Amino acid sequence: MMPESEAPEEPKKKRGPGRPKQDVHAVSLTITMPPGDFERLNEQVNTTGRSRSELLRMAWNGLPLTMRHEPALDEHYGQLVKLATNLNQLMSLAHLGLVTQTQVQQILSQVDQKMAELSGRGN
């Protein structure tokens, strides 16, 4: 047997180059605006929940300045996700014959009620 110091060394495995680095921001821009315009921009930031740069990009692209999302709808969204998950589980069990049609229809009616409630909020 050869001592370890005389054993032939295995070549180290070389790693690939990995992912190419991507720039998050291609270019930064500094703009100067009158204080009144800056206040209006900050008001829109507070109203819409979007960042200044996001609002400026939307305006530049001719898009309407909309809200990011309505925080009051977060609870409704969570309830819809739970109902959809429950419905998906029931449908999987229905394929095995372990669920009755009335159980599935109960969940569907709850989804319909929630959707009607949400569509009524916009009026």
# chains A, B, ... in the order shown; residues from 1 in each chain; ligands from 1
$ residues_around --residues "A:Glu54" --least-positions-apart "3" --cutoff "12 Å" --atoms "only C-alpha atoms" --output "number ranges by chain"
A: 41, 44-45, 48-51, 57-61, 63-68
$ select_by_dssp --residues "stretch 1-92 of chain A" --states "helix (DSSP H, G or I)" --output "PyMOL selection string"
chain A and resi 4-6+35-48+52-60+71-92
$ atom_distance --atom1 "atom CA of A:Leu80" --atom2 "atom CA of A:Val111"
6.9 Å
$ residues_around --residues "A:Gln110" --least-positions-apart "4" --cutoff "8 Å" --atoms "only C-alpha atoms" --output "PyMOL selection string"
chain A and resi 83+106+114
$ residues_around --residues "A:Ile107" --least-positions-apart "3" --cutoff "12 Å" --atoms "only C-alpha atoms" --output "list in words"
Gln79, Leu80, Lys82, Leu83, Ala84, Thr85, Asn86, Leu87, Asn88, Gln89, Leu90, Met91, Thr100, Gln101, Thr102, Gln103, Val104, Gln110, Val111, Asp112, Gln113 and Lys114 of chain A
$ closest_residue --among "A:Val99, A:Leu93, A:Ala116, A:Glu70" --to "A:Thr47" --atoms "only C-alpha atoms"
A:Glu70
